[in-house]
>>> print(open('entry.cif').read())   # mmCIF, N, CA and C atoms
data_structure
loop_
_atom_site.label_atom_id
_atom_site.label_comp_id
_atom_site.auth_asym_id
_atom_site.auth_seq_id
_atom_site.Cartn_x
_atom_site.Cartn_y
_atom_site.Cartn_z
N MET O 498 -4.78 -18.40 5.24
CA MET O 498 -4.38 -17.25 4.46
C MET O 498 -2.90 -16.96 4.75
N ASP O 499 -2.15 -16.74 3.71
CA ASP O 499 -0.72 -16.49 3.83
C ASP O 499 -0.46 -14.99 3.88
N TRP O 500 -0.38 -14.44 5.10
CA TRP O 500 -0.21 -13.00 5.28
C TRP O 500 1.13 -12.51 4.74
N GLU O 501 2.15 -13.32 4.88
CA GLU O 501 3.47 -12.92 4.38
C GLU O 501 3.45 -12.74 2.87
N ALA O 502 2.77 -13.65 2.17
CA ALA O 502 2.69 -13.54 0.71
C ALA O 502 1.90 -12.30 0.31
N LEU O 503 0.82 -12.00 1.04
CA LEU O 503 0.05 -10.79 0.74
C LEU O 503 0.87 -9.54 1.00
N PHE O 504 1.61 -9.54 2.09
CA PHE O 504 2.46 -8.40 2.41
C PHE O 504 3.50 -8.19 1.32
N ARG O 505 4.14 -9.27 0.92
CA ARG O 505 5.17 -9.17 -0.12
C ARG O 505 4.55 -8.76 -1.46
N ARG O 506 3.34 -9.21 -1.73
CA ARG O 506 2.74 -8.92 -3.02
C ARG O 506 2.32 -7.45 -3.14
N TYR O 507 1.74 -6.91 -2.07
CA TYR O 507 1.17 -5.57 -2.15
C TYR O 507 2.00 -4.48 -1.50
N LEU O 508 2.79 -4.80 -0.52
CA LEU O 508 3.53 -3.77 0.18
C LEU O 508 5.04 -3.84 0.00
N TRP O 509 5.57 -5.00 -0.25
CA TRP O 509 7.01 -5.11 -0.42
C TRP O 509 7.30 -6.05 -1.57
N HIS O 510 7.89 -5.52 -2.59
CA HIS O 510 8.25 -6.29 -3.76
C HIS O 510 9.66 -5.87 -4.13
N GLU O 511 10.51 -6.82 -4.38
CA GLU O 511 11.93 -6.52 -4.65
C GLU O 511 12.12 -5.51 -5.78
N THR O 512 11.31 -5.61 -6.82
CA THR O 512 11.48 -4.73 -7.97
C THR O 512 10.64 -3.47 -7.88
N LYS O 513 9.42 -3.60 -7.40
CA LYS O 513 8.50 -2.47 -7.47
C LYS O 513 8.51 -1.55 -6.26
N THR O 514 8.90 -2.04 -5.11
CA THR O 514 8.92 -1.19 -3.91
C THR O 514 10.25 -1.32 -3.17
N PRO O 515 11.32 -0.81 -3.75
CA PRO O 515 12.65 -0.96 -3.12
C PRO O 515 12.98 0.22 -2.21
N TYR O 516 12.06 0.66 -1.38
CA TYR O 516 12.23 1.91 -0.65
C TYR O 516 13.34 1.88 0.40
N PHE O 517 13.77 0.70 0.81
CA PHE O 517 14.82 0.63 1.81
C PHE O 517 16.16 0.24 1.21
N VAL O 518 16.26 0.28 -0.11
CA VAL O 518 17.51 0.02 -0.81
C VAL O 518 18.16 1.38 -1.05
N ARG O 519 19.45 1.46 -0.80
CA ARG O 519 20.15 2.73 -1.04
C ARG O 519 19.97 3.15 -2.49
N ALA O 520 19.85 4.44 -2.72
CA ALA O 520 19.61 4.96 -4.06
C ALA O 520 20.70 4.56 -5.04
N SER O 521 21.92 4.46 -4.58
CA SER O 521 23.02 4.10 -5.47
C SER O 521 23.02 2.61 -5.83
N ARG O 522 22.27 1.79 -5.12
CA ARG O 522 22.25 0.35 -5.39
C ARG O 522 21.00 -0.08 -6.15
N LEU O 523 20.16 0.85 -6.52
CA LEU O 523 18.95 0.51 -7.27
C LEU O 523 19.29 0.12 -8.70
N THR O 524 18.41 -0.65 -9.31
CA THR O 524 18.50 -0.87 -10.75
C THR O 524 17.64 0.20 -11.41
N ARG O 525 17.77 0.33 -12.71
CA ARG O 525 16.96 1.32 -13.42
C ARG O 525 15.47 1.00 -13.31
N THR O 526 15.13 -0.26 -13.35
CA THR O 526 13.72 -0.65 -13.23
C THR O 526 13.18 -0.26 -11.86
N GLN O 527 13.95 -0.52 -10.81
CA GLN O 527 13.53 -0.13 -9.47
C GLN O 527 13.38 1.38 -9.37
N ALA O 528 14.33 2.12 -9.93
CA ALA O 528 14.27 3.58 -9.89
C ALA O 528 13.04 4.09 -10.65
N ARG O 529 12.76 3.50 -11.80
CA ARG O 529 11.56 3.90 -12.56
C ARG O 529 10.29 3.68 -11.75
N HIS O 530 10.18 2.52 -11.12
CA HIS O 530 9.00 2.23 -10.30
C HIS O 530 8.89 3.21 -9.13
N GLU O 531 9.98 3.47 -8.48
CA GLU O 531 9.95 4.37 -7.33
C GLU O 531 9.60 5.80 -7.74
N LEU O 532 10.19 6.27 -8.83
CA LEU O 532 9.87 7.62 -9.30
C LEU O 532 8.44 7.72 -9.80
N PHE O 533 7.94 6.66 -10.43
CA PHE O 533 6.56 6.67 -10.89
C PHE O 533 5.60 6.79 -9.71
N THR O 534 5.82 6.01 -8.67
CA THR O 534 4.95 6.06 -7.50
C THR O 534 5.01 7.44 -6.84
N TYR O 535 6.20 7.99 -6.72
CA TYR O 535 6.38 9.30 -6.10
C TYR O 535 5.69 10.39 -6.93
N THR O 536 5.89 10.37 -8.23
CA THR O 536 5.30 11.42 -9.06
C THR O 536 3.78 11.28 -9.16
N LEU O 537 3.29 10.06 -9.14
CA LEU O 537 1.83 9.86 -9.14
C LEU O 537 1.23 10.44 -7.86
N PHE O 538 1.82 10.10 -6.72
CA PHE O 538 1.34 10.63 -5.45
C PHE O 538 1.43 12.15 -5.42
N LEU O 539 2.58 12.69 -5.79
CA LEU O 539 2.79 14.13 -5.73
C LEU O 539 1.90 14.87 -6.72
N GLY O 540 1.78 14.36 -7.93
CA GLY O 540 0.96 15.01 -8.94
C GLY O 540 -0.50 15.07 -8.56
N VAL O 541 -1.04 13.96 -8.07
CA VAL O 541 -2.45 13.94 -7.67
C VAL O 541 -2.67 14.84 -6.46
N LEU O 542 -1.79 14.74 -5.47
CA LEU O 542 -1.92 15.57 -4.27
C LEU O 542 -1.92 17.06 -4.61
N PHE O 543 -0.97 17.49 -5.42
CA PHE O 543 -0.88 18.91 -5.71
C PHE O 543 -1.90 19.38 -6.73
N ALA O 544 -2.41 18.50 -7.56
CA ALA O 544 -3.52 18.88 -8.43
C ALA O 544 -4.76 19.17 -7.59
N VAL O 545 -5.01 18.33 -6.61
CA VAL O 545 -6.14 18.56 -5.70
C VAL O 545 -5.91 19.83 -4.89
N LEU O 546 -4.69 20.02 -4.40
CA LEU O 546 -4.38 21.22 -3.63
C LEU O 546 -4.50 22.49 -4.47
N ALA O 547 -4.14 22.41 -5.74
CA ALA O 547 -4.26 23.59 -6.61
C ALA O 547 -5.70 24.04 -6.72
N VAL O 548 -6.61 23.09 -6.81
CA VAL O 548 -8.03 23.43 -6.89
C VAL O 548 -8.56 23.86 -5.52
N ALA O 549 -8.20 23.12 -4.49
CA ALA O 549 -8.69 23.44 -3.14
C ALA O 549 -8.16 24.78 -2.65
N ALA O 550 -6.95 25.15 -3.06
CA ALA O 550 -6.34 26.40 -2.59
C ALA O 550 -7.02 27.63 -3.16
N LEU O 551 -7.92 27.44 -4.10
CA LEU O 551 -8.67 28.57 -4.64
C LEU O 551 -9.72 29.08 -3.66
N SER O 552 -10.03 28.29 -2.64
CA SER O 552 -11.03 28.67 -1.64
C SER O 552 -10.49 29.76 -0.71
N PRO O 553 -11.23 30.83 -0.50
CA PRO O 553 -10.77 31.88 0.42
C PRO O 553 -10.94 31.50 1.90
N ARG O 554 -11.52 30.33 2.18
CA ARG O 554 -11.73 29.91 3.57
C ARG O 554 -10.48 29.34 4.23
N LEU O 555 -9.48 29.03 3.45
CA LEU O 555 -8.24 28.48 3.99
C LEU O 555 -7.42 29.58 4.64
N PRO O 556 -6.45 29.23 5.48
CA PRO O 556 -5.68 30.26 6.20
C PRO O 556 -5.00 31.29 5.30
N HIS O 557 -4.67 30.93 4.07
CA HIS O 557 -3.99 31.89 3.20
C HIS O 557 -4.95 32.88 2.55
N GLY O 558 -6.25 32.68 2.73
CA GLY O 558 -7.23 33.61 2.18
C GLY O 558 -7.24 33.58 0.67
N ASP O 559 -7.04 34.73 0.07
CA ASP O 559 -7.06 34.80 -1.39
C ASP O 559 -5.67 35.02 -1.98
N ALA O 560 -4.64 34.56 -1.30
CA ALA O 560 -3.27 34.70 -1.81
C ALA O 560 -3.13 33.81 -3.05
N ALA O 561 -2.86 34.42 -4.19
CA ALA O 561 -2.81 33.69 -5.46
C ALA O 561 -1.58 32.79 -5.59
N ILE O 562 -0.55 33.05 -4.81
CA ILE O 562 0.69 32.29 -4.95
C ILE O 562 0.50 30.82 -4.57
N VAL O 563 -0.41 30.54 -3.65
CA VAL O 563 -0.58 29.16 -3.18
C VAL O 563 -1.12 28.24 -4.28
N PRO O 564 -2.24 28.58 -4.95
CA PRO O 564 -2.69 27.68 -6.03
C PRO O 564 -1.75 27.67 -7.23
N ILE O 565 -1.08 28.77 -7.49
CA ILE O 565 -0.13 28.81 -8.60
C ILE O 565 1.04 27.87 -8.31
N TYR O 566 1.57 27.94 -7.09
CA TYR O 566 2.68 27.06 -6.72
C TYR O 566 2.24 25.60 -6.78
N ALA O 567 1.05 25.30 -6.29
CA ALA O 567 0.56 23.92 -6.32
C ALA O 567 0.45 23.43 -7.76
N PHE O 568 -0.02 24.28 -8.65
CA PHE O 568 -0.11 23.89 -10.06
C PHE O 568 1.27 23.65 -10.66
N THR O 569 2.25 24.49 -10.31
CA THR O 569 3.59 24.30 -10.87
C THR O 569 4.24 23.03 -10.34
N VAL O 570 3.95 22.65 -9.10
CA VAL O 570 4.47 21.38 -8.58
C VAL O 570 3.84 20.21 -9.32
N THR O 571 2.56 20.32 -9.64
CA THR O 571 1.89 19.28 -10.44
C THR O 571 2.59 19.15 -11.79
N CYS O 572 2.88 20.27 -12.43
CA CYS O 572 3.57 20.24 -13.72
C CYS O 572 4.98 19.65 -13.58
N ALA O 573 5.68 20.01 -12.51
CA ALA O 573 7.03 19.47 -12.28
C ALA O 573 6.98 17.96 -12.03
N ALA O 574 5.94 17.49 -11.36
CA ALA O 574 5.79 16.05 -11.13
C ALA O 574 5.58 15.31 -12.45
N VAL O 575 4.80 15.90 -13.34
CA VAL O 575 4.59 15.29 -14.66
C VAL O 575 5.91 15.27 -15.43
N LEU O 576 6.65 16.37 -15.39
CA LEU O 576 7.96 16.41 -16.06
C LEU O 576 8.93 15.40 -15.46
N LEU O 577 8.91 15.27 -14.15
CA LEU O 577 9.78 14.31 -13.50
C LEU O 577 9.43 12.89 -13.93
N ALA O 578 8.15 12.60 -14.03
CA ALA O 578 7.73 11.26 -14.46
C ALA O 578 8.15 10.98 -15.90
N LEU O 579 8.10 11.99 -16.74
CA LEU O 579 8.41 11.79 -18.16
C LEU O 579 9.90 11.82 -18.46
N THR O 580 10.64 12.69 -17.78
CA THR O 580 12.04 12.91 -18.15
C THR O 580 13.06 12.41 -17.13
N ARG O 581 12.65 12.27 -15.87
CA ARG O 581 13.55 11.92 -14.77
C ARG O 581 14.73 12.90 -14.69
N HIS O 582 14.43 14.17 -14.93
CA HIS O 582 15.46 15.21 -14.91
C HIS O 582 15.67 15.70 -13.47
N PRO O 583 16.93 15.89 -13.06
CA PRO O 583 17.19 16.34 -11.69
C PRO O 583 16.58 17.70 -11.35
N ALA O 584 16.46 18.60 -12.32
CA ALA O 584 15.85 19.91 -12.04
C ALA O 584 14.38 19.76 -11.65
N ALA O 585 13.67 18.87 -12.31
CA ALA O 585 12.28 18.61 -11.95
C ALA O 585 12.20 17.99 -10.56
N ALA O 586 13.14 17.11 -10.25
CA ALA O 586 13.17 16.50 -8.91
C ALA O 586 13.47 17.54 -7.84
N LEU O 587 14.36 18.47 -8.14
CA LEU O 587 14.66 19.53 -7.18
C LEU O 587 13.44 20.42 -6.94
N TYR O 588 12.72 20.74 -8.01
CA TYR O 588 11.53 21.56 -7.84
C TYR O 588 10.47 20.82 -7.02
N CYS O 589 10.31 19.54 -7.31
CA CYS O 589 9.36 18.73 -6.52
C CYS O 589 9.82 18.63 -5.07
N ALA O 590 11.12 18.60 -4.85
CA ALA O 590 11.66 18.52 -3.49
C ALA O 590 11.45 19.81 -2.72
N SER O 591 11.15 20.89 -3.41
CA SER O 591 10.86 22.14 -2.71
C SER O 591 9.47 22.14 -2.09
N ALA O 592 8.63 21.19 -2.47
CA ALA O 592 7.25 21.15 -1.96
C ALA O 592 7.17 21.00 -0.44
N PRO O 593 7.92 20.08 0.18
CA PRO O 593 7.83 20.02 1.64
C PRO O 593 8.38 21.26 2.33
N VAL O 594 9.39 21.88 1.73
CA VAL O 594 9.90 23.14 2.27
C VAL O 594 8.83 24.21 2.17
N ALA O 595 8.13 24.24 1.05
CA ALA O 595 7.04 25.20 0.87
C ALA O 595 5.90 24.94 1.85
N ALA O 596 5.65 23.66 2.15
CA ALA O 596 4.61 23.33 3.13
C ALA O 596 4.99 23.86 4.51
N LEU O 597 6.25 23.69 4.89
CA LEU O 597 6.71 24.23 6.18
C LEU O 597 6.64 25.75 6.19
N ALA O 598 6.99 26.39 5.07
CA ALA O 598 6.90 27.85 4.97
C ALA O 598 5.44 28.29 5.05
N TYR O 599 4.54 27.52 4.45
CA TYR O 599 3.11 27.83 4.52
C TYR O 599 2.64 27.78 5.97
N PHE O 600 3.04 26.74 6.70
CA PHE O 600 2.64 26.64 8.10
C PHE O 600 3.18 27.81 8.91
N ALA O 601 4.40 28.23 8.60
CA ALA O 601 5.00 29.34 9.33
C ALA O 601 4.33 30.67 8.98
N ALA O 602 4.00 30.87 7.72
CA ALA O 602 3.43 32.14 7.28
C ALA O 602 1.94 32.27 7.58
N PHE O 603 1.19 31.21 7.30
CA PHE O 603 -0.27 31.30 7.41
C PHE O 603 -0.84 30.52 8.59
N GLY O 604 -0.02 29.73 9.25
CA GLY O 604 -0.50 28.94 10.36
C GLY O 604 -1.23 27.70 9.88
N PHE O 605 -1.90 27.05 10.80
CA PHE O 605 -2.64 25.83 10.52
C PHE O 605 -4.12 26.14 10.47
N HIS O 606 -4.87 25.19 9.99
CA HIS O 606 -6.32 25.34 10.00
C HIS O 606 -6.77 25.46 11.45
N PRO O 607 -7.73 26.34 11.74
CA PRO O 607 -8.12 26.57 13.13
C PRO O 607 -8.72 25.35 13.83
N ASN O 608 -9.21 24.38 13.09
CA ASN O 608 -9.81 23.20 13.70
C ASN O 608 -8.80 22.14 14.12
N LEU O 609 -7.53 22.33 13.79
CA LEU O 609 -6.51 21.34 14.12
C LEU O 609 -6.06 21.49 15.57
N GLY O 610 -5.89 20.37 16.24
CA GLY O 610 -5.36 20.36 17.59
C GLY O 610 -3.85 20.32 17.58
N THR O 611 -3.26 20.36 18.75
CA THR O 611 -1.80 20.35 18.87
C THR O 611 -1.21 19.06 18.32
N LEU O 612 -1.81 17.93 18.64
CA LEU O 612 -1.29 16.66 18.15
C LEU O 612 -1.38 16.60 16.62
N ASP O 613 -2.46 17.12 16.05
CA ASP O 613 -2.60 17.15 14.59
C ASP O 613 -1.49 17.97 13.94
N LYS O 614 -1.16 19.08 14.55
CA LYS O 614 -0.10 19.95 14.02
C LYS O 614 1.25 19.25 14.08
N ILE O 615 1.50 18.56 15.19
CA ILE O 615 2.76 17.84 15.35
C ILE O 615 2.86 16.73 14.30
N VAL O 616 1.78 16.00 14.09
CA VAL O 616 1.78 14.92 13.09
C VAL O 616 2.03 15.50 11.70
N LEU O 617 1.39 16.61 11.37
CA LEU O 617 1.62 17.25 10.06
C LEU O 617 3.08 17.63 9.87
N ILE O 618 3.68 18.21 10.88
CA ILE O 618 5.08 18.63 10.77
C ILE O 618 6.00 17.42 10.62
N VAL O 619 5.75 16.36 11.38
CA VAL O 619 6.57 15.15 11.28
C VAL O 619 6.44 14.52 9.90
N VAL O 620 5.21 14.46 9.37
CA VAL O 620 5.00 13.90 8.03
C VAL O 620 5.72 14.73 6.97
N VAL O 621 5.66 16.04 7.09
CA VAL O 621 6.34 16.90 6.11
C VAL O 621 7.85 16.75 6.21
N LEU O 622 8.39 16.60 7.41
CA LEU O 622 9.84 16.39 7.55
C LEU O 622 10.27 15.04 6.97
N ALA O 623 9.45 14.01 7.17
CA ALA O 623 9.75 12.70 6.56
C ALA O 623 9.67 12.80 5.04
N TRP O 624 8.72 13.56 4.55
CA TRP O 624 8.57 13.79 3.12
C TRP O 624 9.80 14.51 2.57
N LEU O 625 10.31 15.47 3.32
CA LEU O 625 11.52 16.19 2.90
C LEU O 625 12.71 15.23 2.78
N ALA O 626 12.84 14.33 3.72
CA ALA O 626 13.93 13.35 3.65
C ALA O 626 13.76 12.44 2.43
N TYR O 627 12.53 12.04 2.15
CA TYR O 627 12.29 11.19 0.98
C TYR O 627 12.50 11.97 -0.32
N ALA O 628 12.16 13.24 -0.33
CA ALA O 628 12.37 14.06 -1.52
C ALA O 628 13.86 14.15 -1.87
N ALA O 629 14.69 14.19 -0.84
CA ALA O 629 16.14 14.19 -1.09
C ALA O 629 16.56 12.89 -1.76
N ARG O 630 15.92 11.79 -1.40
CA ARG O 630 16.21 10.51 -2.04
C ARG O 630 15.86 10.55 -3.52
N THR O 631 14.73 11.14 -3.86
CA THR O 631 14.34 11.20 -5.28
C THR O 631 15.30 12.06 -6.09
N VAL O 632 15.81 13.11 -5.48
CA VAL O 632 16.82 13.93 -6.17
C VAL O 632 18.07 13.10 -6.42
N THR O 633 18.49 12.33 -5.43
CA THR O 633 19.66 11.46 -5.59
C THR O 633 19.44 10.43 -6.69
N ILE O 634 18.25 9.85 -6.73
CA ILE O 634 17.94 8.86 -7.76
C ILE O 634 18.03 9.49 -9.15
N THR O 635 17.47 10.66 -9.33
CA THR O 635 17.51 11.28 -10.67
C THR O 635 18.92 11.70 -11.05
N ARG O 636 19.70 12.14 -10.09
CA ARG O 636 21.09 12.52 -10.40
C ARG O 636 21.92 11.32 -10.82
N ASN O 637 21.63 10.16 -10.26
CA ASN O 637 22.41 8.96 -10.54
C ASN O 637 21.72 8.01 -11.52
N PHE O 638 20.62 8.41 -12.10
CA PHE O 638 19.82 7.49 -12.91
C PHE O 638 20.62 6.89 -14.06
N ASP O 639 21.41 7.69 -14.76
CA ASP O 639 22.17 7.17 -15.90
C ASP O 639 23.25 6.18 -15.48
N ALA O 640 23.73 6.29 -14.24
CA ALA O 640 24.78 5.39 -13.77
C ALA O 640 24.23 4.11 -13.14
N LEU O 641 22.91 4.03 -12.99
CA LEU O 641 22.33 2.84 -12.37
C LEU O 641 22.45 1.65 -13.32
N ALA O 642 22.60 0.50 -12.73
CA ALA O 642 22.74 -0.72 -13.53
C ALA O 642 21.38 -1.16 -14.07
N ASP O 643 21.43 -1.80 -15.21
CA ASP O 643 20.21 -2.40 -15.75
C ASP O 643 19.95 -3.67 -14.96
N PRO O 644 18.67 -4.03 -14.83
CA PRO O 644 18.38 -5.26 -14.08
C PRO O 644 18.87 -6.49 -14.85
N PRO O 645 19.20 -7.54 -14.12
CA PRO O 645 19.62 -8.78 -14.81
C PRO O 645 18.46 -9.34 -15.62
N PRO O 646 18.74 -9.99 -16.75
CA PRO O 646 17.65 -10.54 -17.56
C PRO O 646 16.88 -11.63 -16.80
N GLN O 647 15.57 -11.64 -16.98
CA GLN O 647 14.72 -12.62 -16.33
C GLN O 647 14.73 -13.91 -17.12
N ARG O 648 14.73 -15.03 -16.44
CA ARG O 648 14.72 -16.34 -17.13
C ARG O 648 13.46 -17.06 -16.88
#
>>> encode(input="entry.cif", output="structure tokens")
Amino acid sequence: MDWEALFRRYLWHETKTPYFVRASRLTRTQARHELFTYTLFLGVLFAVLAVAALSPRLPHGDAAIVPIYAFTVTCAAVLLALTRHPAAALYCASAPVAALAYFAAFGFHPNLGTLDKIVLIVVVLAWLAYAARTVTITRNFDALADPPPQR
């Protein structure tokens, strides 16, 4: 079994997964693939959160702002996927900031241990760094080069 070929096929592909290429050096095709993956992940995550946040058992109780915000992020993710507009990317980039604000305002779920809380914060901070990349991609999308023709 050729593990390198499987890795390249599913986890690293020059065109479809250019996550370690600087945003300014992407082609439009690479940028489209990256934004599609990001918006799919974000849209599904926040659609589920919008429904789950309706439960009064969560730390925020019955605060209506949480499911409303989650729904608006879902809508912004759809707009970002369709239009690649920087304003939609900025709104989507506010999601990790909102997650940190949620942790500060309402705390964590009572069943989480200290290590779980640390992992959540680290993941959200990494997400914030990646969200800044998506904003950069959308701001520079029109200036990105078209990919070379395939032969």
>>> residues_around(input="entry.cif", residues="Ala590 in chain O", least_positions_apart="4", cutoff="7 Å", atoms="only C-alpha atoms", output="MDAnalysis selection string")
chainID O and resid 586 625 628:629
>>> closest_residue(input="entry.cif", among="O:Tyr535, O:Phe605, O:Tyr599, O:Phe568", to="Val632 in chain O", atoms="only C-alpha atoms")
O:Tyr535
>>> closest_residue(input="entry.cif", among="O:Leu622, O:Arg554, O:Glu531, O:Ala573", to="Tyr588 in chain O", atoms="only N, CA and C atoms")
O:Ala573
>>> closest_residue(input="entry.cif", among="O:Ala592, O:Ile565, O:Leu539, O:Ile618", to="Leu551 in chain O", atoms="all atoms listed in the file")
O:Ile565
>>> atom_distance(input="entry.cif", atom1="atom C of Leu609 in chain O", atom2="atom C of Thr569 in chain O")
27.9 Å
>>> residues_near_point(input="entry.cif", point="(-4.3, 28.2, -5.2)", cutoff="8 Å", atoms="all atoms listed in the file", output="list in words")
Leu546, Ala547, Val548, Ala549, Ala550, Leu551, Ser552, Asp559, Ala560, Ala561, Ile562, Val563, Pro564, Ile565, Tyr566, Ala567 and Phe568 of chain O
>>> atom_distance(input="entry.cif", atom1="atom C of Val545 in chain O", atom2="atom C of Val619 in chain O")
20.0 Å
>>> atom_distance(input="entry.cif", atom1="CA of Thr534 in chain O", atom2="CA of Ala595 in chain O")
21.0 Å
>>> residues_around(input="entry.cif", residues="Arg525 in chain O", least_positions_apart="4", cutoff="7 Å", atoms="only C-alpha atoms", output="PyMOL selection string")
chain O and resi 529+638+641-644
>>> write_last_selection(input="entry.cif", atoms="N, CA and C atoms", output="CSV table (one decimal), in the frame of the given file")
chain,number,residue,atom,x,y,z
O,529,ARG,N,12.8,3.5,-11.8
O,529,ARG,CA,11.6,3.9,-12.6
O,529,ARG,C,10.3,3.7,-11.8
O,638,PHE,N,20.6,8.4,-12.1
O,638,PHE,CA,19.8,7.5,-12.9
O,638,PHE,C,20.6,6.9,-14.1
O,641,LEU,N,22.9,4.0,-13.0
O,641,LEU,CA,22.3,2.8,-12.4
O,641,LEU,C,22.4,1.6,-13.3
O,642,ALA,N,22.6,0.5,-12.7
O,642,ALA,CA,22.7,-0.7,-13.5
O,642,ALA,C,21.4,-1.2,-14.1
O,643,ASP,N,21.4,-1.8,-15.2
O,643,ASP,CA,20.2,-2.4,-15.8
O,643,ASP,C,20.0,-3.7,-15.0
O,644,PRO,N,18.7,-4.0,-14.8
O,644,PRO,CA,18.4,-5.3,-14.1
O,644,PRO,C,18.9,-6.5,-14.8
>>> closest_residue(input="entry.cif", among="O:Arg636, O:Arg630, O:Lys614, O:His557", to="Pro583 in chain O", atoms="all atoms listed in the file")
O:Arg636
